[in-house]
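Chemist: Quick one: this structure, given as structure tokens, is what I'll be asking you about.
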Amino acid sequence: MSLLEVDDLSVTYRIAAGDVPAVRGVSLSLDAGEALGLAGESGSGKSSVAMALLRLLPRSARLDGRVLLDGEDVLAMKWGRLRAVRWSAASIVFQGAQHGLNPVQRIGDQIAEPLLVHRLASGAQASARVRELLEQVGLPTWRARSYPHELSGGQRQRVMIAMALACSPRLIIADEPTTALDLMVQAQVLTLIRRLIAEHDISLLMISHDLSVLADVCDRLAVMYAGRLVEAGPSSGEFRHPYSQALAAAFPTVGDPASRLAPRGLAGDPPDPQQLPGGCAFHPRCPVALESCSSTPVDLRPAGERRTAACVLVGEDRARGN
Amino acid sequence: MLEATEVAVEFASRGRRARAVDGVNLSIGAGEIVALVGESGCGKTTLARTLLGLERPTSGQVSYDGTPLSYTGRRLRAFRRQVQLVLQDPMGSLNPRQTVYEAVAEGPRIHGLPDEEEVVASALSRAGLRPPERFFLRYPHELSGGQRQRVVIAGALALSPKLLIADEPVASLDASVRGEILALLLRLRDELGLAALVVTHDLGLAWNIADRVAVMYLGRIVESGSTEEVLTNPQHPYTQALLSVLPESPQRIVLSGEPPDPTRIPTGCRFHPRCQLVAAGKGADACHTTPLPVLPPTTTGSEVACHLAQVPTPR
């Protein structure tokens with residue numbers, strides 16, 4: 001059975017100007033020990049999905065669908081049960097490590113907090129566990145006495161990862177864990193994440209706008225556009241949806257003559273969730289759109305080996321036997 | 001066209017001297033796009049500010065068209081028309097209470113240009129906001145991120161500069177929008193002969209648009225040359241390591257630690273404490289003891305500041 005099963009999840013923000021459908025029927029599943037990457041641009045709904053999994057959204061958000069964590073529906077949990085599940089069954093690493101840490105509390109105390117709150121350890125046990133966690137994330141143990149401002153961005157992100165590991169969860173949700181970091185520090189943090197999920201057999205849902213970062217760590221990739229999944233498949237394969245292809249081309253391969261002096265992007269901007277285009281939401285920006293795309297919505301359909309894509313052209317290809 | 005000669009910039013930092021830029025030669029020719037690449041804290045933004053005349057070098061000089069920069073009065077103003085800055089975050093560099101028209105017209109007004117409306121309209125349309133009249137009365141919050149960055153670029157274009165200095169011009173934009181903004185910089189170069197210095201940490205961006213690349217580490221340029229040369233056949237171990245952590249790279253060289261503090265620049269080669277060759281025992285005594293000379297500005301061929309790299313053969 002899957003560790004995480006998301007079934008037709010929708011997130012709608014109710015604001016003064018009306019309803020904002022941020023996530024519109026997303027289904028995905030994650031096996032134990034598997035790493036899934038969720039890609040998308042700002043406003044695609046990817047962070048709303050992440051937050052919805054642990055019900056960390058503001059009160060203005062309405063959630064529909066089911067989120068089964070180890071068979072139990074998170075969206076139906078009582079408050080006390082939900083608190084127990086957060087951190088201990090699934091934990092989250094946020095982007096922007098500057099804001100995720102309390103500036104006036106020592107690093108060690110912040111890492112120990114979930115252990116003490118969940119009564120998983122006594123004071124002395126917690127300090128021992130903090131030392132162990134700091135070593136696991138590659139920080140010297142004396143750093144437990146430091147304050148966040150004494151650490152660099154990469155070190156703070158390591159502290160965030162140590163906090164997420166503290167209660168030995170089976171699932172870690174990482175929302176843009178390396179976005180604000182330098183290239184070399186990003187490589188250090190990604191290497192750390194890869195090592196930890198392999199060593200501890202943790203499942204990972206990693207969210208990023210950068211497909212290359214996700215492909216580096218994850219077994220499978222899912223791409224979101226305008227609140228929906230437009231494609232999902234193994235990270236080793238080729239993308240089939242024109243949006244995923246454009247997103248991948250936006251990060252050129254250094255040394256590839258095709259992208260030399262030829263930056264590639266899409267005309268236009270991601271749509272406003274309150275004014276979604278009809279039919280396939282991507283059609284106004286799609287380089288290969290057909291006339292029918294503006295009127296007929298497309299659902300995910302088989303698009304090759306363990307791959308689904310929401311594009312009519314994928315079906316056409318199959319009909320032609322490609 | 002714009003040239004830095006032996007430029008050094010020092011700041012006081014917690015009672016010590018921080019050598020943010022520690023001897024840099026860099027030249028940008030007419031119609032040329034140069035990428036200045038490095039990690040945060042390497043001094044690339046300070047160098048860009050110095051080239052703009054916003055920071056005075058502690059030693060060395062910046063010259064434009066062969067004339068050293070003057071830091072007073074009218075001549076600085078004339079220089080500022082020629083060289084324009086495009087910042088990273090368009091939301092932060094646009095006044096939220098100013099319309100697009102007012103934002104773009106500000107430069108022409110300061111410099112007293114005639115035919116203001118025509119100047120604004122043509123700058124907007126060259127930046128890809130067409131028809132320009134439709135954008136005149138819009139406010140920044142009504143625009144998308146890509147459109148805001150185009151407004152910032154239009155503001156720079158309104159003064160018909162010869163050179164843009166762009167500090168991470170697409171870092172805050174969505175992936176699918178980045179390509180269009182980079183394509184705009186290339187088109188402006190082709191149509192107007194506009195040169196650009198693009199300051200970035202993104203090697204893919206350099207590959208996408210730059211003619212030349214200069215790699216900066218701890219206040220110095222450690223390798224420079226044509227984009228093809230530097231990015232496909234890097235000679236400096238630092239450049240090699242930066243390229244090796246890109247996702248498509250077969251073998252990763254992940255350097256430990258973070259760039260050291262510019263108040264404590266290591267002796268000898270400034271990169272030696274993190275150098276993978278030194279760590280693997282392939283270093284030379286000179287790496288620990290002998291400082292490297294400042295690289296000359298290159299317009300052809302490539303240069304590398306490393307005791308272990310073979311001297312590139314002149315072509």
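Chain labels run A, B, ... following the order of the structure tokens; each chain numbers its residues from 1, and ligands are numbered from 1 in the order shown.
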Show me a table, sorted first by chain and then by increasing residue number, of the residues of chain B having an atom at most 6 Å from chain A, each with its shortest atom pair and the distance in Å to one decimal, counting only C-alpha atoms and written as a tab-separated table.

Modeler:
```
residue	atom	partner	partner_atom	distance
B:Glu39	CA	A:Asp182	CA	5.8
B:Asp174	CA	A:Glu41	CA	5.8
B:Ala175	CA	A:Ala250	CA	5.8
B:Ser176	CA	A:Gly265	CA	4.9
B:Val177	CA	A:Gly265	CA	5.8
B:Gly179	CA	A:Gly265	CA	4.0
B:Glu180	CA	A:Gly265	CA	5.4
B:Ala183	CA	A:Pro263	CA	5.8
B:Gly204	CA	A:Pro252	CA	5.5
B:Trp207	CA	A:Arg260	CA	5.8
B:Asn208	CA	A:Leu261	CA	4.7
B:Ile209	CA	A:Leu261	CA	4.7
B:Thr232	CA	A:Gly255	CA	5.8
B:Pro247	CA	A:Ser212	CA	5.9
```

Chemist: Quick one: residues within 9 Å of segment 131-134 of chain B, only C-alpha atoms counted, chain neighbours fewer than 4 positions away excluded, as a PyMOL selection string?

Modeler: chain B and resi 101+120-125+138

Chemist: Work out how far apart atom CA of Gly43 of chain B and atom CA of Leu243 of chain B are and give it in Å to one decimal.

Modeler: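 Separating atom CA of Gly43 of chain B from atom CA of Leu243 of chain B is a distance of 19.7 Å.
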
Chemist: Considering only strand (DSSP E or B) as DSSP defines it on the backbone, what residues of segment 7-164 of chain B qualify? List them as a JSON list (two decimals) with N, CA and C atoms, in the first residue's frame.

Modeler:
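The resulting part.json:
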```json
[["chain", "number", "residue", "atom", "x", "y", "z"],
["B", 7, "VAL", "N", 40.92, 47.20, -10.11],
["B", 7, "VAL", "CA", 39.98, 47.81, -9.17],
["B", 7, "VAL", "C", 39.93, 47.02, -7.86],
["B", 8, "ALA", "N", 40.04, 47.74, -6.74],
["B", 8, "ALA", "CA", 39.85, 47.15, -5.43],
["B", 8, "ALA", "C", 38.85, 47.99, -4.65],
["B", 9, "VAL", "N", 37.95, 47.33, -3.92],
["B", 9, "VAL", "CA", 37.00, 48.05, -3.08],
["B", 9, "VAL", "C", 37.06, 47.43, -1.70],
["B", 10, "GLU", "N", 37.30, 48.28, -0.70],
["B", 10, "GLU", "CA", 37.36, 47.78, 0.68],
["B", 10, "GLU", "C", 36.24, 48.39, 1.49],
["B", 11, "PHE", "N", 35.75, 47.60, 2.43],
["B", 11, "PHE", "CA", 34.77, 48.12, 3.38],
["B", 11, "PHE", "C", 35.28, 47.86, 4.77],
["B", 12, "ALA", "N", 34.80, 48.66, 5.72],
["B", 12, "ALA", "CA", 35.08, 48.35, 7.12],
["B", 12, "ALA", "C", 34.02, 47.36, 7.55],
["B", 13, "SER", "N", 34.46, 46.24, 8.14],
["B", 13, "SER", "CA", 33.50, 45.24, 8.57],
["B", 13, "SER", "C", 33.89, 44.74, 9.95],
["B", 16, "ARG", "N", 37.34, 45.27, 10.91],
["B", 16, "ARG", "CA", 38.38, 44.77, 10.03],
["B", 16, "ARG", "C", 38.16, 45.32, 8.64],
["B", 17, "ARG", "N", 39.16, 45.18, 7.79],
["B", 17, "ARG", "CA", 38.98, 45.60, 6.42],
["B", 17, "ARG", "C", 38.51, 44.41, 5.59],
["B", 18, "ALA", "N", 37.36, 44.57, 4.95],
["B", 18, "ALA", "CA", 36.89, 43.52, 4.05],
["B", 18, "ALA", "C", 37.24, 43.92, 2.63],
["B", 19, "ARG", "N", 38.02, 43.09, 1.98],
["B", 19, "ARG", "CA", 38.38, 43.39, 0.59],
["B", 19, "ARG", "C", 37.37, 42.72, -0.33],
["B", 20, "ALA", "N", 36.24, 43.39, -0.54],
["B", 20, "ALA", "CA", 35.14, 42.80, -1.31],
["B", 20, "ALA", "C", 35.56, 42.57, -2.76],
["B", 21, "VAL", "N", 36.22, 43.56, -3.32],
["B", 21, "VAL", "CA", 36.81, 43.40, -4.65],
["B", 21, "VAL", "C", 38.30, 43.63, -4.46],
["B", 22, "ASP", "N", 39.11, 42.68, -4.88],
["B", 22, "ASP", "CA", 40.52, 42.68, -4.48],
["B", 22, "ASP", "C", 41.42, 42.64, -5.71],
["B", 23, "GLY", "N", 41.25, 43.61, -6.60],
["B", 23, "GLY", "CA", 42.10, 43.64, -7.79],
["B", 23, "GLY", "C", 41.41, 42.93, -8.95],
["B", 24, "VAL", "N", 40.69, 43.68, -9.76],
["B", 24, "VAL", "CA", 39.96, 43.07, -10.88],
["B", 24, "VAL", "C", 40.20, 43.88, -12.15],
["B", 25, "ASN", "N", 40.55, 43.19, -13.21],
["B", 25, "ASN", "CA", 40.57, 43.77, -14.55],
["B", 25, "ASN", "C", 39.41, 43.17, -15.32],
["B", 26, "LEU", "N", 38.59, 44.04, -15.87],
["B", 26, "LEU", "CA", 37.45, 43.52, -16.63],
["B", 26, "LEU", "C", 37.08, 44.56, -17.68],
["B", 27, "SER", "N", 36.86, 44.10, -18.90],
["B", 27, "SER", "CA", 36.41, 45.07, -19.90],
["B", 27, "SER", "C", 35.20, 44.53, -20.63],
["B", 28, "ILE", "N", 34.32, 45.43, -20.97],
["B", 28, "ILE", "CA", 33.12, 45.07, -21.73],
["B", 28, "ILE", "C", 33.15, 45.90, -23.00],
["B", 33, "ILE", "N", 28.02, 40.93, -24.61],
["B", 33, "ILE", "CA", 27.34, 40.51, -23.38],
["B", 33, "ILE", "C", 28.32, 39.67, -22.57],
["B", 34, "VAL", "N", 28.64, 40.16, -21.38],
["B", 34, "VAL", "CA", 29.60, 39.49, -20.51],
["B", 34, "VAL", "C", 28.86, 39.01, -19.26],
["B", 35, "ALA", "N", 29.07, 37.77, -18.88],
["B", 35, "ALA", "CA", 28.48, 37.26, -17.64],
["B", 35, "ALA", "C", 29.54, 37.24, -16.55],
["B", 36, "LEU", "N", 29.22, 37.83, -15.41],
["B", 36, "LEU", "CA", 30.10, 37.80, -14.24],
["B", 36, "LEU", "C", 29.48, 36.80, -13.27],
["B", 37, "VAL", "N", 30.15, 35.67, -13.10],
["B", 37, "VAL", "CA", 29.56, 34.54, -12.39],
["B", 37, "VAL", "C", 30.27, 34.33, -11.06],
["B", 59, "SER", "N", 41.25, 51.49, -4.76],
["B", 59, "SER", "CA", 42.38, 51.73, -5.66],
["B", 59, "SER", "C", 42.01, 51.21, -7.03],
["B", 60, "GLY", "N", 42.80, 51.59, -8.02],
["B", 60, "GLY", "CA", 42.47, 51.22, -9.40],
["B", 60, "GLY", "C", 41.47, 52.19, -9.97],
["B", 61, "GLN", "N", 41.07, 51.97, -11.21],
["B", 61, "GLN", "CA", 40.10, 52.91, -11.79],
["B", 61, "GLN", "C", 39.15, 52.25, -12.78],
["B", 62, "VAL", "N", 38.01, 52.94, -12.95],
["B", 62, "VAL", "CA", 37.02, 52.52, -13.94],
["B", 62, "VAL", "C", 37.06, 53.56, -15.03],
["B", 63, "SER", "N", 37.11, 53.12, -16.29],
["B", 63, "SER", "CA", 37.06, 54.12, -17.35],
["B", 63, "SER", "C", 36.02, 53.74, -18.39],
["B", 64, "TYR", "N", 35.46, 54.78, -18.98],
["B", 64, "TYR", "CA", 34.42, 54.59, -19.98],
["B", 64, "TYR", "C", 34.88, 55.24, -21.27],
["B", 67, "THR", "N", 38.07, 57.19, -20.97],
["B", 67, "THR", "CA", 38.19, 58.29, -20.02],
["B", 67, "THR", "C", 37.90, 57.80, -18.61],
["B", 68, "PRO", "N", 38.80, 58.09, -17.64],
["B", 68, "PRO", "CA", 38.51, 57.65, -16.27],
["B", 68, "PRO", "C", 37.22, 58.29, -15.77],
["B", 83, "VAL", "N", 25.22, 54.20, -19.11],
["B", 83, "VAL", "CA", 25.29, 52.90, -18.43],
["B", 83, "VAL", "C", 24.13, 52.80, -17.45],
["B", 84, "GLN", "N", 23.23, 51.87, -17.70],
["B", 84, "GLN", "CA", 22.03, 51.77, -16.88],
["B", 84, "GLN", "C", 21.98, 50.46, -16.10],
["B", 85, "LEU", "N", 21.35, 50.52, -14.94],
["B", 85, "LEU", "CA", 21.28, 49.37, -14.05],
["B", 85, "LEU", "C", 19.90, 48.72, -14.12],
["B", 86, "VAL", "N", 19.87, 47.39, -14.19],
["B", 86, "VAL", "CA", 18.62, 46.63, -14.08],
["B", 86, "VAL", "C", 18.76, 45.71, -12.88],
["B", 163, "LEU", "N", 25.08, 50.57, -22.52],
["B", 163, "LEU", "CA", 25.40, 49.38, -21.74],
["B", 163, "LEU", "C", 24.38, 49.21, -20.61],
["B", 164, "LEU", "N", 23.95, 47.96, -20.42],
["B", 164, "LEU", "CA", 23.11, 47.64, -19.27],
["B", 164, "LEU", "C", 23.93, 46.82, -18.30]]
```

Chemist: Which residue gives the smallest distance to Ala180 of chain A among A:Arg240, A:Ala121, A:Phe94, A:Gln136, with only C-alpha atoms counted?

Modeler: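 Closest to Ala180 of chain A of all the choices is A:Phe94.
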
Chemist: Which residues come within 12 Å of Thr99 of chain B, counting only C-alpha atoms, excluding same-chain residues fewer than 3 positions away, as a list in words?

Modeler: Leu94, Asn95, Pro96, Glu102, Ala103, Val104, Ala105, Glu106, Glu133, Arg134, Phe135, Phe136, Leu137, Arg138, Tyr139, Pro140, His141, Glu142, Leu143, Arg148 and Val151 of chain B

Chemist: Between A:Ala32, A:Ala174, A:Leu69, A:Leu300, which one has atoms that come closest to Gly233 of chain A, using only C-alpha atoms?

Modeler: A:Leu300

Chemist: Excluding same-chain residues fewer than 6 positions from Leu295 of chain B, what lies within 10 Å of it counting only C-alpha atoms, as a list in words?

Modeler: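 Residues meeting the cut-off are Glu6, Gly23, Val24, Asn25, Leu26, Arg220, Ile221, Val222, Glu223, Ser224, Ser302, Glu303, Val304 and Ala305 of chain B.
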
Chemist: I'd like the interatomic distance between atom CA of Leu139 of chain A and atom CA of Arg14 of chain B, to a tenth of an Å.

Modeler: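 So the answer is 25.3 Å.
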
Chemist: Out of segment 108-244 of chain A, which residues get helix (DSSP H, G or I) from DSSP, as a ChimeraX atom specification?

Modeler: /A:108-117,123-136,141-145,148-150,153-165,183-200,211-217,242-244

Chemist: Selected residues, C-alpha atoms, written as a short mmCIF file (atom, residue, chain, number, x, y, z; two decimals), in the first residue's frame, please.

Modeler:
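So the final result, stored in again.cif, reads:
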```cif
data_model
loop_
_atom_site.label_atom_id
_atom_site.label_comp_id
_atom_site.auth_asym_id
_atom_site.auth_seq_id
_atom_site.Cartn_x
_atom_site.Cartn_y
_atom_site.Cartn_z
CA GLY A 108 19.66 22.85 19.85
CA ASP A 109 16.51 23.93 21.70
CA GLN A 110 14.66 24.37 18.43
CA ILE A 111 15.59 20.89 17.22
CA ALA A 112 14.62 19.38 20.58
CA GLU A 113 11.24 21.10 20.68
CA PRO A 114 9.22 18.58 18.64
CA LEU A 115 10.75 15.72 20.68
CA LEU A 116 9.71 17.32 23.95
CA VAL A 117 6.29 18.45 22.71
CA GLY A 123 15.47 16.39 28.52
CA ALA A 124 18.71 14.41 28.59
CA GLN A 125 17.60 12.05 25.84
CA ALA A 126 16.59 15.01 23.74
CA SER A 127 20.06 16.60 24.04
CA ALA A 128 21.65 13.33 22.97
CA ARG A 129 19.27 13.10 20.03
CA VAL A 130 20.06 16.72 19.05
CA ARG A 131 23.78 15.90 18.94
CA GLU A 132 23.06 12.82 16.85
CA LEU A 133 20.87 14.82 14.43
CA LEU A 134 23.44 17.59 14.03
CA GLU A 135 26.03 14.99 13.12
CA GLN A 136 23.65 13.41 10.61
CA THR A 141 27.64 19.33 17.77
CA TRP A 142 28.75 22.58 19.44
CA ARG A 143 26.44 24.34 16.98
CA ALA A 144 23.56 23.34 19.27
CA ARG A 145 24.43 26.40 21.36
CA PRO A 148 20.35 31.17 13.79
CA HIS A 149 22.09 34.45 12.82
CA GLU A 150 25.47 32.87 13.55
CA GLY A 153 22.12 30.00 4.78
CA GLY A 154 23.27 26.47 4.01
CA GLN A 155 23.86 25.68 7.68
CA ARG A 156 20.41 27.00 8.59
CA GLN A 157 18.86 24.78 5.93
CA ARG A 158 20.74 21.84 7.51
CA VAL A 159 19.19 22.77 10.87
CA MET A 160 15.73 22.76 9.26
CA ILE A 161 16.42 19.28 7.92
CA ALA A 162 17.60 18.11 11.36
CA MET A 163 14.32 19.40 12.84
CA ALA A 164 12.33 17.54 10.21
CA LEU A 165 14.22 14.33 11.02
CA LEU A 183 25.04 26.58 -6.38
CA MET A 184 27.71 24.84 -4.31
CA VAL A 185 25.71 24.99 -1.06
CA GLN A 186 22.66 23.73 -2.96
CA ALA A 187 24.72 20.77 -4.13
CA GLN A 188 25.79 20.10 -0.53
CA VAL A 189 22.18 20.18 0.72
CA LEU A 190 20.91 17.97 -2.12
CA THR A 191 23.66 15.43 -1.45
CA LEU A 192 22.62 15.44 2.22
CA ILE A 193 18.93 14.94 1.38
CA ARG A 194 19.74 12.09 -1.00
CA ARG A 195 21.87 10.37 1.63
CA LEU A 196 19.35 10.78 4.46
CA ILE A 197 16.33 9.45 2.58
CA ALA A 198 18.35 6.43 1.45
CA GLU A 199 19.82 5.72 4.91
CA HIS A 200 16.59 6.14 6.85
CA LEU A 211 12.99 20.57 -12.68
CA SER A 212 16.71 19.83 -12.79
CA VAL A 213 16.97 19.91 -8.98
CA LEU A 214 14.00 17.55 -8.69
CA ALA A 215 15.28 15.16 -11.34
CA ASP A 216 18.52 15.01 -9.40
CA VAL A 217 16.92 13.63 -6.22
CA PRO A 242 4.31 20.77 -24.10
CA TYR A 243 4.31 22.69 -20.81
CA SER A 244 6.69 20.29 -19.07
#
```

Chemist: Just checking: using only C-alpha atoms, which residue out of B:Ser70, B:Val100, B:Gln88, B:Val198 ends up closest to Leu47 of chain B?

Modeler: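 Ranking B:Ser70, B:Val100, B:Gln88, B:Val198 by distance to Leu47 of chain B, first place goes to B:Val198.
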